[in-house]
file start-v2.cif (mmCIF, C-alpha atoms and all ligand atoms; chains and numbers go by the auth columns)
data_final
loop_
_atom_site.group_PDB
_atom_site.id
_atom_site.type_symbol
_atom_site.label_atom_id
_atom_site.label_comp_id
_atom_site.label_asym_id
_atom_site.label_seq_id
_atom_site.Cartn_x
_atom_site.Cartn_y
_atom_site.Cartn_z
_atom_site.B_iso_or_equiv
_atom_site.auth_seq_id
_atom_site.auth_asym_id
ATOM 1 C CA MET A 1 82.886 98.331 85.515 0.00 1275 D
ATOM 2 C CA ARG A 2 81.695 96.994 88.834 0.00 1276 D
ATOM 3 C CA TYR A 3 83.918 95.328 91.387 0.00 1277 D
ATOM 4 C CA ASN A 4 83.761 94.560 95.059 0.00 1278 D
ATOM 5 C CA LEU A 5 86.121 94.209 97.966 0.00 1279 D
ATOM 6 C CA GLY A 6 88.163 91.048 97.638 0.00 1280 D
ATOM 7 C CA ASP A 7 87.783 90.839 93.890 0.00 1281 D
ATOM 8 C CA VAL A 8 90.854 90.259 91.790 0.00 1282 D
ATOM 9 C CA ILE A 9 91.169 92.417 88.719 0.00 1283 D
ATOM 10 C CA THR A 10 93.674 92.689 85.917 0.00 1284 D
ATOM 11 C CA THR A 11 95.093 95.956 84.678 0.00 1285 D
ATOM 12 C CA LYS A 12 96.057 97.005 81.179 0.00 1286 D
ATOM 13 C CA LYS A 13 99.515 97.890 82.379 0.00 1287 D
ATOM 14 C CA LYS A 14 101.562 95.371 84.325 0.00 1288 D
ATOM 15 C CA HIS A 15 103.167 96.090 87.655 0.00 1289 D
ATOM 16 C CA VAL A 16 106.946 96.415 87.749 0.00 1290 D
ATOM 17 C CA CYS A 17 107.115 92.828 89.043 0.00 1291 D
ATOM 18 C CA GLY A 18 105.470 91.568 85.854 0.00 1292 D
ATOM 19 C CA ASN A 19 102.126 90.725 87.429 0.00 1293 D
ATOM 20 C CA ASP A 20 98.871 92.230 86.216 0.00 1294 D
ATOM 21 C CA GLN A 21 96.487 90.918 88.870 0.00 1295 D
ATOM 22 C CA TRP A 22 95.418 92.988 91.851 0.00 1296 D
ATOM 23 C CA MET A 23 93.177 92.367 94.841 0.00 1297 D
ATOM 24 C CA ILE A 24 90.752 95.127 95.785 0.00 1298 D
ATOM 25 C CA GLU A 25 91.301 96.104 99.408 0.00 1299 D
ATOM 26 C CA ARG A 26 89.423 99.358 99.741 0.00 1300 D
ATOM 27 C CA ILE A 27 86.912 101.234 97.654 0.00 1301 D
ATOM 28 C CA GLY A 28 86.135 104.883 98.184 0.00 1302 D
ATOM 29 C CA ALA A 29 87.122 108.125 96.537 0.00 1303 D
ATOM 30 C CA GLU A 30 90.412 106.299 96.286 0.00 1304 D
ATOM 31 C CA VAL A 31 90.856 102.614 95.628 0.00 1305 D
ATOM 32 C CA LYS A 32 93.499 100.546 97.377 0.00 1306 D
ATOM 33 C CA VAL A 33 94.755 97.462 95.600 0.00 1307 D
ATOM 34 C CA LYS A 34 97.373 94.882 96.414 0.00 1308 D
ATOM 35 C CA CYS A 35 99.568 93.195 93.854 0.00 1309 D
ATOM 36 C CA THR A 36 98.827 89.470 94.086 0.00 1310 D
ATOM 37 C CA LYS A 37 102.416 88.568 93.246 0.00 1311 D
ATOM 38 C CA CYS A 38 104.703 90.894 95.184 0.00 1312 D
ATOM 39 C CA GLY A 39 102.230 92.168 97.784 0.00 1313 D
ATOM 40 C CA ARG A 40 102.845 95.842 97.060 0.00 1314 D
ATOM 41 C CA GLU A 41 99.870 98.015 97.882 0.00 1315 D
ATOM 42 C CA ILE A 42 98.987 101.102 95.936 0.00 1316 D
ATOM 43 C CA MET A 43 96.240 103.673 96.129 0.00 1317 D
ATOM 44 C CA MET A 44 94.862 105.777 93.343 0.00 1318 D
ATOM 45 C CA MET A 45 91.848 107.875 92.544 0.00 1319 D
ATOM 46 C CA LYS A 46 88.879 105.686 91.648 0.00 1320 D
ATOM 47 C CA MET A 47 88.387 107.466 88.327 0.00 1321 D
ATOM 48 C CA GLU A 48 91.985 106.756 87.354 0.00 1322 D
ATOM 49 C CA PHE A 49 91.754 103.207 88.592 0.00 1323 D
ATOM 50 C CA ASP A 50 88.595 102.476 86.584 0.00 1324 D
ATOM 51 C CA LYS A 51 90.419 103.453 83.410 0.00 1325 D
ATOM 52 C CA ARG A 52 93.211 100.993 84.095 0.00 1326 D
ATOM 53 C CA ILE A 53 91.077 97.928 84.685 0.00 1327 D
ATOM 54 C CA LYS A 54 91.121 95.401 81.901 0.00 1328 D
ATOM 55 C CA SER A 55 88.988 92.661 83.378 0.00 1329 D
ATOM 56 C CA ILE A 56 87.630 91.310 86.626 0.00 1330 D
ATOM 57 C CA VAL A 57 88.703 87.894 87.825 0.00 1331 D
ATOM 58 C CA GLN A 58 86.663 86.435 90.618 0.00 1332 D
ATOM 59 C CA ASN A 59 87.013 82.908 91.959 0.00 1333 D
ATOM 60 C CA GLU A 60 89.281 82.331 89.006 0.00 1334 D
ATOM 61 C CA LYS A 61 86.440 82.875 86.569 0.00 1335 D
ATOM 62 C CA HIS A 62 86.129 85.704 84.129 0.00 1336 D
ATOM 63 C CA ILE A 63 82.951 87.623 84.650 0.00 1337 D
ATOM 64 C CA THR A 64 81.642 89.801 81.894 0.00 1338 D
ATOM 65 C CA THR A 65 80.271 93.095 83.058 0.00 1339 D
HETATM 66 ZN ZN ZN B . 103.819 93.489 91.936 0.00 1401 M
#
call {"tool": "encode", "arguments": {"input": "start-v2.cif", "output": "structure tokens", "more": "lines below"}}
Ligand SMILES: [Zn+2]
result
Amino acid sequence: MRYNLGDVITTKKKHVCGNDQWMIERIGAEVKVKCTKCGREIMMMKMEFDKRIKSIVQNEKHITT
């Protein structure tokens, strides 16, 4: 699945705050994402992150990849 900086993605598992949408802030060996609801930032290995992505939301439109 392809995504870019600034994209908003949804994850299969919700954050503790109940939100499942995250903004991509950094892409590298590790990906940094920010919860769009509570603002919490987390980093995880890109391979792990890719497995958790459910869909990509960009400009409030669902893009099929
Ligand atoms: Zn959150």
call {"tool": "resolve_selection", "arguments": {"input": "start-v2.cif", "expression": "the PyMOL selection byres (((chain D and resi 1300-1307) around 10) and not hetatm)", "output": "list in words"}}
result
Tyr1277, Asn1278, Leu1279, Gly1280, Asp1281, Val1282, Ile1283, Gln1295, Trp1296, Met1297, Ile1298, Glu1299, Lys1308, Cys1309, Thr1310, Gly1313, Arg1314, Glu1315, Ile1316, Met1317, Met1318, Met1319, Lys1320, Met1321, Glu1322, Phe1323 and Asp1324 of chain D
call {"tool": "resolve_selection", "arguments": {"input": "start-v2.cif", "expression": "the PyMOL selection byres (((chain D and resi 1294) around 6) and not hetatm)", "output": "list in words"}}
result
Thr1284, Thr1285, Lys1288, His1289, Asn1293 and Gln1295 of chain D
call {"tool": "axis_aligned_box", "arguments": {"input": "start-v2.cif", "around": "segment 1307-1311 of chain D", "padding_each_side": "5 Å", "output": "lines of an AutoDock Vina configuration file"}}
result
center_x = 98.6
center_y = 93.0
center_z = 94.8
size_x = 17.7
size_y = 18.9
size_z = 13.2
call {"tool": "closest_residue", "arguments": {"input": "start-v2.cif", "among": "D:Arg1326, D:Arg1276, D:Lys1286, D:Lys1311", "to": "ligand ZN 1401 (chain M)", "atoms": "all atoms listed in the file"}}
result
D:Lys1311
call {"tool": "build_atoms", "arguments": {"input": "start-v2.cif", "residues": "segment 1315-1330 of chain D", "atoms": "N, CA and C atoms", "output": "JSON list (two decimals), in the frame of the given file"}}
result
[["chain", "number", "residue", "atom", "x", "y", "z"],
["D", 1315, "GLU", "N", 101.18, 97.38, 97.87],
["D", 1315, "GLU", "CA", 99.87, 98.02, 97.88],
["D", 1315, "GLU", "C", 99.98, 99.41, 97.28],
["D", 1316, "ILE", "N", 99.00, 99.75, 96.47],
["D", 1316, "ILE", "CA", 98.99, 101.10, 95.94],
["D", 1316, "ILE", "C", 97.58, 101.68, 96.06],
["D", 1317, "MET", "N", 97.52, 103.00, 96.10],
["D", 1317, "MET", "CA", 96.24, 103.67, 96.13],
["D", 1317, "MET", "C", 96.19, 104.64, 94.97],
["D", 1318, "MET", "N", 95.02, 104.76, 94.38],
["D", 1318, "MET", "CA", 94.86, 105.78, 93.34],
["D", 1318, "MET", "C", 93.42, 106.22, 93.29],
["D", 1319, "MET", "N", 93.20, 107.36, 92.66],
["D", 1319, "MET", "CA", 91.85, 107.88, 92.54],
["D", 1319, "MET", "C", 90.99, 106.86, 91.79],
["D", 1320, "LYS", "N", 89.75, 106.69, 92.25],
["D", 1320, "LYS", "CA", 88.88, 105.69, 91.65],
["D", 1320, "LYS", "C", 88.69, 105.92, 90.15],
["D", 1321, "MET", "N", 88.57, 107.17, 89.75],
["D", 1321, "MET", "CA", 88.39, 107.47, 88.33],
["D", 1321, "MET", "C", 89.57, 106.99, 87.50],
["D", 1322, "GLU", "N", 90.77, 107.21, 88.04],
["D", 1322, "GLU", "CA", 91.98, 106.76, 87.35],
["D", 1322, "GLU", "C", 92.05, 105.23, 87.34],
["D", 1323, "PHE", "N", 91.70, 104.66, 88.46],
["D", 1323, "PHE", "CA", 91.75, 103.21, 88.59],
["D", 1323, "PHE", "C", 90.81, 102.53, 87.60],
["D", 1324, "ASP", "N", 89.60, 103.06, 87.49],
["D", 1324, "ASP", "CA", 88.60, 102.48, 86.58],
["D", 1324, "ASP", "C", 89.11, 102.42, 85.15],
["D", 1325, "LYS", "N", 89.89, 103.41, 84.78],
["D", 1325, "LYS", "CA", 90.42, 103.45, 83.41],
["D", 1325, "LYS", "C", 91.47, 102.37, 83.17],
["D", 1326, "ARG", "N", 92.10, 101.96, 84.25],
["D", 1326, "ARG", "CA", 93.21, 100.99, 84.10],
["D", 1326, "ARG", "C", 92.76, 99.54, 84.12],
["D", 1327, "ILE", "N", 91.55, 99.31, 84.58],
["D", 1327, "ILE", "CA", 91.08, 97.93, 84.68],
["D", 1327, "ILE", "C", 90.84, 97.32, 83.32],
["D", 1328, "LYS", "N", 91.36, 96.13, 83.14],
["D", 1328, "LYS", "CA", 91.12, 95.40, 81.90],
["D", 1328, "LYS", "C", 89.98, 94.41, 82.08],
["D", 1329, "SER", "N", 90.05, 93.63, 83.13],
["D", 1329, "SER", "CA", 88.99, 92.66, 83.38],
["D", 1329, "SER", "C", 88.92, 92.33, 84.86],
["D", 1330, "ILE", "N", 87.81, 91.72, 85.23],
["D", 1330, "ILE", "CA", 87.63, 91.31, 86.63],
["D", 1330, "ILE", "C", 87.70, 89.80, 86.71]]
